[in-house]
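Trainee: Hey, dropping coords28.txt in here, compact mmCIF, C-alpha atoms:
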# COMPACT_ATOMS: atom_id res chain seq x y z
CA MET A 176 124.66 89.05 115.86
CA PRO A 177 124.58 89.35 112.07
CA ARG A 178 121.82 87.50 110.27
CA PRO A 179 121.60 86.49 106.59
CA ARG A 180 120.09 89.03 104.24
CA PRO A 181 116.53 88.32 103.03
CA ASP A 182 117.73 87.76 99.46
CA ASP A 183 120.51 85.37 100.52
CA PRO A 184 119.70 81.68 99.80
CA ALA A 185 121.54 80.85 103.03
CA ASP A 186 118.62 82.45 104.86
CA LEU A 187 116.59 79.27 104.31
CA SER A 188 113.39 80.76 105.65
CA ARG A 189 111.28 78.56 103.40
CA PRO A 190 110.96 74.92 104.50
CA GLU A 191 113.09 72.59 102.41
CA ARG A 192 114.80 69.35 103.35
CA ILE A 193 118.50 69.81 104.09
CA LYS A 194 120.64 66.69 104.37
CA GLY A 195 122.15 66.33 107.83
CA ARG A 196 119.83 68.88 109.44
CA GLY A 197 116.60 68.38 111.34
CA ALA A 198 114.98 71.78 110.84
CA ALA A 199 113.86 72.70 107.35
CA SER A 200 113.90 76.47 107.83
CA ASN A 201 115.21 79.29 109.99
CA PRO A 202 112.12 81.18 111.19
CA VAL A 203 112.39 84.40 113.14
CA GLY A 204 112.42 83.95 116.91
CA ARG A 205 109.44 85.15 118.89
CA PHE A 206 111.34 88.06 120.48
CA GLU A 207 112.61 89.59 117.24
CA THR A 208 110.98 92.70 115.87
CA VAL A 209 112.24 92.29 112.28
CA THR A 210 110.76 89.73 109.90
CA ARG A 211 112.33 88.42 106.70
CA THR A 212 111.01 87.18 103.39
CA VAL A 213 112.83 85.44 100.55
CA GLU A 214 112.50 86.77 97.01
CA ASP A 215 113.93 85.12 93.90
CA ASP A 216 116.02 87.70 92.05
CA GLY A 217 116.79 85.34 89.19
CA TRP A 218 120.30 84.43 90.30
CA TYR A 219 119.38 81.47 92.52
CA ARG A 220 117.91 78.39 90.87
CA GLU A 221 116.03 75.64 92.69
CA GLU A 222 117.87 72.92 90.77
CA GLN A 223 121.15 74.09 92.32
CA GLY A 224 119.98 72.94 95.76
CA ARG A 225 120.05 74.89 98.96
CA PRO A 226 123.48 75.36 100.57
CA ARG A 227 124.14 73.27 103.66
CA PRO A 228 124.74 75.55 106.63
CA ALA A 229 127.95 74.81 108.48
CA THR A 230 128.15 74.50 112.25
CA GLU A 231 129.66 77.47 114.06
CA VAL A 232 130.76 77.17 117.70
CA ARG A 233 131.46 80.30 119.71
CA GLU A 234 133.37 80.01 122.97
CA ILE A 235 131.76 81.85 125.87
CA ARG A 236 132.47 82.21 129.58
CA ALA A 237 129.43 81.49 131.71
CA ARG A 238 128.72 83.53 134.84
CA SER A 239 127.06 80.50 136.45
CA ILE A 240 126.80 76.88 135.40
CA VAL A 241 124.32 75.03 137.64
CA THR A 242 120.68 75.63 136.70
CA HIS A 243 118.01 75.08 139.34
CA ASN A 244 114.43 74.06 138.62
CA GLU A 245 111.32 73.48 140.70
CA SER A 246 109.26 71.66 138.08
CA PRO A 247 107.25 68.93 139.83
CA ASP A 248 107.39 66.61 136.80
CA VAL A 249 111.18 66.71 136.40
CA PRO A 250 113.07 64.19 138.60
CA PHE A 251 116.02 66.46 139.41
CA THR A 252 116.46 69.95 140.81
CA GLN A 253 119.89 70.78 139.38
CA SER A 254 121.29 70.53 135.86
CA ILE A 255 124.19 71.61 133.67
CA ASN A 256 124.11 72.26 129.93
CA PRO A 257 127.70 72.57 128.67
CA ILE A 258 126.70 73.89 125.22
CA LEU A 259 123.84 76.16 124.15
CA GLY A 260 122.18 74.77 121.03
CA CYS A 261 122.59 71.19 119.84
CA GLU A 262 124.09 69.88 116.63
CA HIS A 263 122.14 66.62 116.87
CA GLY A 264 119.37 68.59 115.18
CA CYS A 265 116.45 66.65 116.64
CA VAL A 266 113.49 68.32 114.99
CA TYR A 267 111.22 67.59 117.97
CA CYS A 268 113.56 69.08 120.60
CA TYR A 269 111.63 71.07 123.21
CA ALA A 270 114.80 73.12 123.85
CA ARG A 271 114.73 74.77 120.42
CA PRO A 272 112.65 77.78 121.54
CA SER A 273 115.35 78.65 124.11
CA HIS A 274 117.56 79.91 121.25
CA ALA A 275 115.13 82.81 120.84
CA TYR A 276 116.57 84.24 124.07
CA LEU A 277 119.86 84.64 122.18
CA ASN A 278 118.08 86.53 119.40
CA LEU A 279 118.57 83.50 117.17
CA SER A 280 116.16 81.20 115.37
CA PRO A 281 114.89 77.99 116.98
CA GLY A 282 115.23 76.47 113.52
CA LEU A 283 118.58 75.96 111.81
CA ASP A 284 120.32 78.43 114.13
CA PHE A 285 119.65 76.10 117.07
CA GLU A 286 121.63 73.28 115.46
CA THR A 287 124.28 75.32 113.62
CA ARG A 288 125.09 78.27 115.92
CA LEU A 289 126.36 76.85 119.18
CA PHE A 290 127.88 78.40 122.29
CA ALA A 291 130.40 76.36 124.29
CA LYS A 292 130.77 77.23 127.98
CA VAL A 293 134.52 76.74 128.13
CA ASN A 294 134.79 77.72 131.80
CA ALA A 295 132.13 75.26 132.96
CA SER A 296 134.38 73.22 135.25
CA GLU A 297 135.84 76.37 136.80
CA ARG A 298 132.39 77.76 137.58
CA LEU A 299 131.23 74.37 138.87
CA ARG A 300 134.07 74.25 141.39
CA ALA A 301 133.15 77.70 142.63
CA GLU A 302 129.45 76.86 142.99
CA LEU A 303 130.07 73.54 144.76
CA ALA A 304 132.42 75.29 147.20
CA ARG A 305 129.86 77.86 148.31
CA PRO A 306 129.02 77.74 152.02
CA GLY A 307 125.67 76.09 152.59
CA TYR A 308 125.61 74.22 149.25
CA VAL A 309 123.15 71.33 149.53
CA CYS A 310 124.12 68.26 147.54
CA SER A 311 121.52 66.75 145.19
CA PRO A 312 122.09 64.93 141.87
CA ILE A 313 123.11 67.15 138.96
CA ASN A 314 121.75 66.20 135.55
CA LEU A 315 123.72 66.55 132.31
CA GLY A 316 121.45 66.76 129.30
CA SER A 317 118.30 68.41 130.62
CA ASN A 318 118.12 70.92 127.77
CA THR A 319 120.80 70.06 125.19
CA ASP A 320 122.82 66.88 124.78
CA PRO A 321 126.15 66.91 126.66
CA TYR A 322 127.64 64.46 124.13
CA GLN A 323 126.77 66.23 120.90
CA PRO A 324 129.54 66.28 118.24
CA ALA A 325 131.20 69.47 119.55
CA GLU A 326 132.01 67.63 122.80
CA ARG A 327 134.70 65.67 120.95
CA ARG A 328 136.65 68.89 120.53
CA TYR A 329 135.75 70.85 123.66
CA ARG A 330 135.48 68.00 126.24
CA ILE A 331 133.39 70.23 128.51
CA ALA A 332 131.13 67.41 129.72
CA ARG A 333 134.20 65.36 130.61
CA GLN A 334 135.70 68.25 132.57
CA VAL A 335 132.43 68.64 134.48
CA ILE A 336 132.38 64.91 135.28
CA GLU A 337 135.98 65.11 136.48
CA VAL A 338 135.00 67.79 139.01
CA LEU A 339 131.94 65.82 140.16
CA ALA A 340 134.01 62.63 140.50
CA GLU A 341 136.63 64.46 142.54
CA CYS A 342 133.92 65.84 144.85
CA ARG A 343 132.03 62.53 144.97
CA HIS A 344 128.93 64.34 143.77
CA PRO A 345 125.99 62.33 142.31
CA LEU A 346 125.27 62.72 138.61
CA THR A 347 122.66 61.68 136.06
CA ILE A 348 123.17 61.82 132.29
CA ILE A 349 120.68 61.79 129.42
CA THR A 350 122.10 61.43 125.92
CA LYS A 351 121.46 60.21 122.37
CA ASN A 352 125.14 59.76 121.60
CA ALA A 353 127.39 56.74 122.08
CA LEU A 354 130.23 59.18 122.81
CA VAL A 355 129.28 58.71 126.47
CA GLU A 356 131.35 55.49 126.31
CA ARG A 357 134.49 57.63 126.13
CA ASP A 358 134.07 58.60 129.79
CA LEU A 359 133.69 55.11 131.20
CA ASP A 360 137.02 55.54 133.02
CA LEU A 361 135.32 58.23 135.13
CA LEU A 362 131.81 56.82 135.27
CA ALA A 363 132.63 53.26 136.30
CA PRO A 364 134.39 54.24 139.58
CA MET A 365 131.55 56.67 140.35
CA ALA A 366 129.01 53.90 139.75
CA ARG A 367 130.66 51.70 142.37
CA ASP A 368 129.79 54.37 144.95
CA ARG A 369 126.24 54.90 143.58
CA LEU A 370 127.15 58.31 142.21
CA VAL A 371 125.95 58.03 138.60
CA GLN A 372 123.12 56.80 136.44
CA VAL A 373 122.85 57.15 132.66
CA PHE A 374 119.80 57.16 130.39
CA VAL A 375 120.15 56.68 126.65
CA SER A 376 117.25 58.09 124.64
CA VAL A 377 115.97 55.93 121.77
CA THR A 378 113.03 57.07 119.64
CA SER A 379 112.93 54.28 117.04
CA LEU A 380 115.02 51.45 115.62
CA ASP A 381 114.64 52.68 112.03
CA ASN A 382 117.89 54.21 110.74
CA HIS A 383 116.14 56.01 107.90
CA LEU A 384 113.59 57.61 110.20
CA SER A 385 116.27 58.48 112.75
CA SER A 386 118.38 60.21 110.10
CA ALA A 387 115.46 62.52 109.36
CA LEU A 388 114.26 63.07 112.95
CA GLU A 389 117.64 63.37 114.71
CA PRO A 390 120.22 63.54 111.91
CA ARG A 391 123.46 63.92 113.88
CA ALA A 392 122.70 61.74 116.89
CA SER A 393 124.11 58.22 117.06
CA ALA A 394 122.26 55.62 115.01
CA PRO A 395 119.70 53.60 117.00
CA HIS A 396 121.79 50.39 117.03
CA ARG A 397 124.77 52.33 118.45
CA ARG A 398 122.63 53.65 121.27
CA ILE A 399 121.56 50.12 122.14
CA GLU A 400 125.24 49.11 122.06
CA ALA A 401 126.05 52.01 124.37
CA ILE A 402 123.44 50.76 126.86
CA ALA A 403 125.11 47.33 126.75
CA ASN A 404 128.63 48.71 127.12
CA LEU A 405 127.74 51.00 130.02
CA ASN A 406 125.97 48.24 131.94
CA ALA A 407 128.79 45.79 131.21
CA ALA A 408 131.19 48.31 132.77
CA GLY A 409 129.03 48.51 135.90
CA VAL A 410 127.42 51.85 135.08
CA PRO A 411 123.64 51.56 135.56
CA CYS A 412 122.07 52.63 132.28
CA GLY A 413 118.39 52.80 131.44
CA VAL A 414 116.47 53.70 128.31
CA MET A 415 114.24 56.68 127.61
CA VAL A 416 111.71 56.13 124.84
CA ALA A 417 111.41 59.82 124.27
CA PRO A 418 109.63 61.48 122.78
CA ILE A 419 106.93 59.17 121.53
CA ILE A 420 105.40 60.67 118.38
CA PRO A 421 101.98 59.18 117.57
CA ALA A 422 101.79 57.49 114.16
CA VAL A 423 105.52 58.18 113.62
CA THR A 424 107.50 56.39 116.35
CA ASP A 425 104.96 54.78 118.69
CA MET A 426 105.09 51.47 116.81
CA TRP A 427 108.66 50.99 118.10
CA ILE A 428 107.89 51.10 121.85
CA GLU A 429 107.85 47.36 122.49
CA ARG A 430 110.90 46.55 120.35
CA ILE A 431 112.97 49.33 121.88
CA LEU A 432 112.23 48.02 125.36
CA GLU A 433 112.99 44.44 124.33
CA GLN A 434 116.38 45.35 122.86
CA ALA A 435 117.25 47.72 125.69
CA VAL A 436 116.55 45.05 128.31
CA ALA A 437 118.58 42.53 126.30
CA ALA A 438 121.40 45.09 126.48
CA GLY A 439 121.07 45.23 130.26
CA ALA A 440 118.89 48.33 130.73
CA CYS A 441 117.95 48.65 134.39
CA SER A 442 115.07 51.12 134.01
CA ALA A 443 112.86 52.75 131.39
CA GLY A 444 110.79 55.88 130.97
CA TYR A 445 108.97 57.77 128.26
CA THR A 446 107.56 61.15 127.33
CA VAL A 447 105.11 62.21 124.63
CA LEU A 448 106.04 64.83 122.05
CA ARG A 449 105.33 68.38 123.18
CA LEU A 450 105.39 71.42 120.92
CA PRO A 451 106.10 74.66 122.81
CA TRP A 452 106.33 78.01 121.04
CA GLU A 453 108.02 77.96 117.60
CA LEU A 454 108.40 74.20 117.69
CA LYS A 455 104.78 73.84 116.55
CA GLN A 456 105.52 75.16 113.07
CA LEU A 457 108.96 73.55 112.79
CA PHE A 458 107.45 70.13 113.44
CA ARG A 459 104.57 70.77 111.00
CA ASP A 460 107.16 71.66 108.34
CA TRP A 461 108.97 68.40 109.06
CA LEU A 462 105.76 66.40 108.67
CA ASP A 463 104.96 68.12 105.37
CA LEU A 464 108.39 67.20 104.03
CA HIS A 465 108.86 63.70 105.43
CA ALA A 466 105.38 62.30 106.07
CA PRO A 467 102.85 64.43 104.16
CA GLU A 468 100.35 61.58 103.88
CA ARG A 469 100.18 61.33 107.70
CA ALA A 470 100.68 64.96 108.68
CA GLU A 471 97.08 65.77 109.58
CA HIS A 472 96.58 62.44 111.33
CA VAL A 473 99.68 62.96 113.49
CA MET A 474 98.62 66.46 114.48
CA SER A 475 95.08 65.26 115.20
CA LEU A 476 96.40 62.61 117.61
CA LEU A 477 98.65 65.16 119.29
CA ARG A 478 95.76 67.57 119.76
CA GLN A 479 93.64 64.76 121.24
CA MET A 480 96.35 64.29 123.87
CA ARG A 481 96.64 68.03 124.49
CA GLY A 482 93.06 69.00 125.15
CA GLY A 483 92.44 70.09 121.56
CA ARG A 484 95.57 72.25 121.36
CA ASP A 485 98.96 71.69 119.77
CA ASN A 486 100.61 72.02 123.17
CA ASP A 487 99.56 71.77 126.82
CA PRO A 488 102.24 73.23 129.14
CA ARG A 489 100.62 72.17 132.42
CA PHE A 490 103.05 70.34 134.69
CA SER A 491 100.80 67.36 135.32
CA HIS A 492 99.98 66.86 131.63
CA ARG A 493 102.87 68.04 129.45
CA MET A 494 105.04 64.90 129.66
CA ARG A 495 102.39 62.19 129.14
CA GLY A 496 99.29 63.90 127.72
CA GLU A 497 95.68 62.97 128.47
CA GLY A 498 92.76 61.29 126.74
CA VAL A 499 92.18 57.93 125.09
CA PHE A 500 95.36 57.79 123.00
CA ALA A 501 97.56 58.93 125.90
CA ASP A 502 96.00 56.23 128.10
CA LEU A 503 96.68 53.66 125.40
CA LEU A 504 100.35 54.66 125.26
CA ARG A 505 100.57 54.47 129.05
CA GLN A 506 99.09 50.97 129.11
CA ARG A 507 101.27 49.76 126.23
CA PHE A 508 104.39 51.03 127.94
CA ALA A 509 103.48 49.46 131.27
CA VAL A 510 102.69 46.08 129.67
CA ALA A 511 105.89 46.16 127.61
CA CYS A 512 107.95 46.94 130.72
CA ARG A 513 106.38 44.04 132.62
CA LYS A 514 107.02 41.62 129.77
CA ALA A 515 110.61 42.81 129.52
CA GLY A 516 111.13 42.51 133.29
CA LEU A 517 111.46 46.21 134.01
CA ASP A 518 108.72 46.43 136.66
CA ARG A 519 110.87 45.16 139.50
CA GLY A 520 112.16 48.46 140.83
CA ARG A 521 115.85 47.81 140.23
CA GLU A 522 116.75 51.50 140.48
CA ARG A 523 118.63 52.61 143.59
CA PRO A 524 118.77 56.22 144.77
CA LEU A 525 122.09 57.95 144.21
CA ALA A 526 124.28 58.67 147.22
CA THR A 527 124.44 62.27 148.43
CA ASP A 528 126.21 61.67 151.76
CA LEU A 529 129.62 61.14 150.16
CA PHE A 530 129.90 64.70 148.84
CA ARG A 531 132.99 66.68 149.80
CA PRO A 532 133.32 70.29 148.61
CA PRO A 533 136.25 71.08 146.33
CA ARG A 534 139.29 72.41 148.11
CA PRO A 535 140.00 76.07 147.41
CA ASP A 536 143.15 76.90 145.48
CA SER A 537 146.04 77.68 147.81
CA PRO A 538 149.57 78.97 147.15
CA GLN A 539 150.72 76.29 149.61
CA GLY A 540 149.46 73.59 147.26
CA SER A 541 148.01 70.49 148.89
CA LEU A 542 150.42 70.33 151.85
CA PHE A 543 148.07 72.08 154.29
In structure tokens, how does this file's structure come out?
Mentor:
Amino acid sequence: MPRPRPDDPADLSRPERIKGRGAASNPVGRFETVTRTVEDDGWYREEQGRPRPATEVREIRARSIVTHNESPDVPFTQSINPILGCEHGCVYCYARPSHAYLNLSPGLDFETRLFAKVNASERLRAELARPGYVCSPINLGSNTDPYQPAERRYRIARQVIEVLAECRHPLTIITKNALVERDLDLLAPMARDRLVQVFVSVTSLDNHLSSALEPRASAPHRRIEAIANLNAAGVPCGVMVAPIIPAVTDMWIERILEQAVAAGACSAGYTVLRLPWELKQLFRDWLDLHAPERAEHVMSLLRQMRGGRDNDPRFSHRMRGEGVFADLLRQRFAVACRKAGLDRGRERPLATDLFRPPRPDSPQGSLF
């Protein structure tokens, strides 16, 4: 895949705030053998401003669509990611380093160079029809958001839900986008049979902060509205306060839970920011640009929760952290849930006994 030339200002390898984008640079992925540097040849002037990279979506045909995982700290074993990369541009996204496997940057490439799996529903039918398939809930949104802006055009998530609804297959959804409301006509009937649960992720209630952290996700108030609209339609919807970033978003925990419960949220969860691979430097760049006065303090708190390192990938520690500050967050979250009335175990397991494999295509149609 062609990459910008080192002397091209579109290369954006130096951190600089770009309106509408979360990453501030496009660093080389960890698997690449070629590095790039930017040199000013006199033609480009800082006062002109950096160009805003446009979003490119390439259509691809996936060989398989259901991803299986055995992670003990992830509450599902199957997931589907309709699009590789995510235009929401959340600077903290733990999925960014996965773009390196495509020989692309976890920085701006991750949010501007997307790959849409246009045959997702076709592959899903084939995989669900395999002999011996064991039904367990499939998650949409484990790596990238199924309702990112490109979904409006490609409707891949909707096509996947249509297949799951037809097969009466349980589904969970995690999203930061109110676009999920579009599919209420599919989700509401599934909810009546305990086949779906949705989680809307809310990191803060500050529009200005959200526009810098997650520039193309729905605004915080729209996510709260989505929680209300889903629950009003009978679709159980909880809130994920994720990720919590110490000294950046942690002050919003209690208010997010209060507003989510007022909107009908039936459950709540949280994770603490983790910084795998290239994400470490991308997040440091973001701090230097958006919160320079707190940058060292934020990183110090993160290291305290990660055993002195920027990241701790151990299964039992990576989601919540350890140490005094991590314990404080855990206690605050538990107290806030109790005060909001979320400690009553209102969640019900999704039904798996209703599953019926898709019928194979037949030249006789549906007569036999």
Trainee: CA of Arg489 (chain A) and CA of Tyr269 (chain A) are how many Å apart?
Mentor: 14.4 Å
Trainee: Need the shell around Ala392 (chain A): protein/DNA/RNA residues with any atom at most 8 Å away, counting all atoms listed in the file. Skip same-chain ones fewer than 6 positions apart. Format as a CSV table (one decimal) with C-alpha atoms, keeping the file's coordinate frame?
Mentor:
chain,number,residue,atom,x,y,z
A,263,HIS,CA,122.1,66.6,116.9
A,264,GLY,CA,119.4,68.6,115.2
A,265,CYS,CA,116.4,66.6,116.6
A,323,GLN,CA,126.8,66.2,120.9
A,351,LYS,CA,121.5,60.2,122.4
A,352,ASN,CA,125.1,59.8,121.6
Trainee: What separation in Å, quoted to one decimal, exists between CA of Thr230 (chain A) and CA of Val355 (chain A)?
Mentor: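 Atom-to-atom, CA of Thr230 (chain A) and CA of Val355 (chain A) are spaced 21.3 Å apart.
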Trainee: Mind checking which residues fall within 12 Å of Arg495 (chain A), counting all atoms listed in the file, ignoring those fewer than 6 positions away in the same chain, and posting them as a tab-separated table (two decimals) with C-alpha atoms, in the coordinates of the input?
Mentor:
chain	number	residue	atom	x	y	z
A	248	ASP	CA	107.39	66.61	136.80
A	416	VAL	CA	111.71	56.13	124.84
A	417	ALA	CA	111.41	59.82	124.27
A	418	PRO	CA	109.63	61.48	122.78
A	419	ILE	CA	106.93	59.17	121.53
A	420	ILE	CA	105.40	60.67	118.38
A	421	PRO	CA	101.98	59.18	117.57
A	444	GLY	CA	110.79	55.88	130.97
A	445	TYR	CA	108.97	57.77	128.26
A	446	THR	CA	107.56	61.15	127.33
A	447	VAL	CA	105.11	62.21	124.63
A	448	LEU	CA	106.04	64.83	122.05
A	449	ARG	CA	105.33	68.38	123.18
A	477	LEU	CA	98.65	65.16	119.29
A	480	MET	CA	96.35	64.29	123.87
A	481	ARG	CA	96.64	68.03	124.49
A	486	ASN	CA	100.61	72.02	123.17
A	487	ASP	CA	99.56	71.77	126.82
A	488	PRO	CA	102.24	73.23	129.14
A	489	ARG	CA	100.62	72.17	132.42
A	501	ALA	CA	97.56	58.93	125.90
A	502	ASP	CA	96.00	56.23	128.10
A	503	LEU	CA	96.68	53.66	125.40
A	504	LEU	CA	100.35	54.66	125.26
A	505	ARG	CA	100.57	54.47	129.05
A	506	GLN	CA	99.09	50.97	129.11
A	508	PHE	CA	104.39	51.03	127.94
Trainee: How many Å lie between CA of Gln253 (chain A) and CA of Ser317 (chain A), rounded to one decimal?
Mentor: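 Going from CA of Gln253 (chain A) over to CA of Ser317 (chain A), I get 9.2 Å.
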Trainee: Taking all atoms listed in the file into account, name the residue in A:Ala387, A:Ala515, A:Ala301, A:Val423 that is nearest to Leu464 (chain A).
Mentor: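 Closest to Leu464 (chain A) of all the choices is A:Ala387.
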Trainee: Taking all atoms listed in the file into account, which of A:Thr242, A:Asn314, A:Thr378, A:Ser273 comes nearest Ser393 (chain A)?
Mentor: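 The shortest atom-to-atom distance to Ser393 (chain A) comes from A:Thr378.
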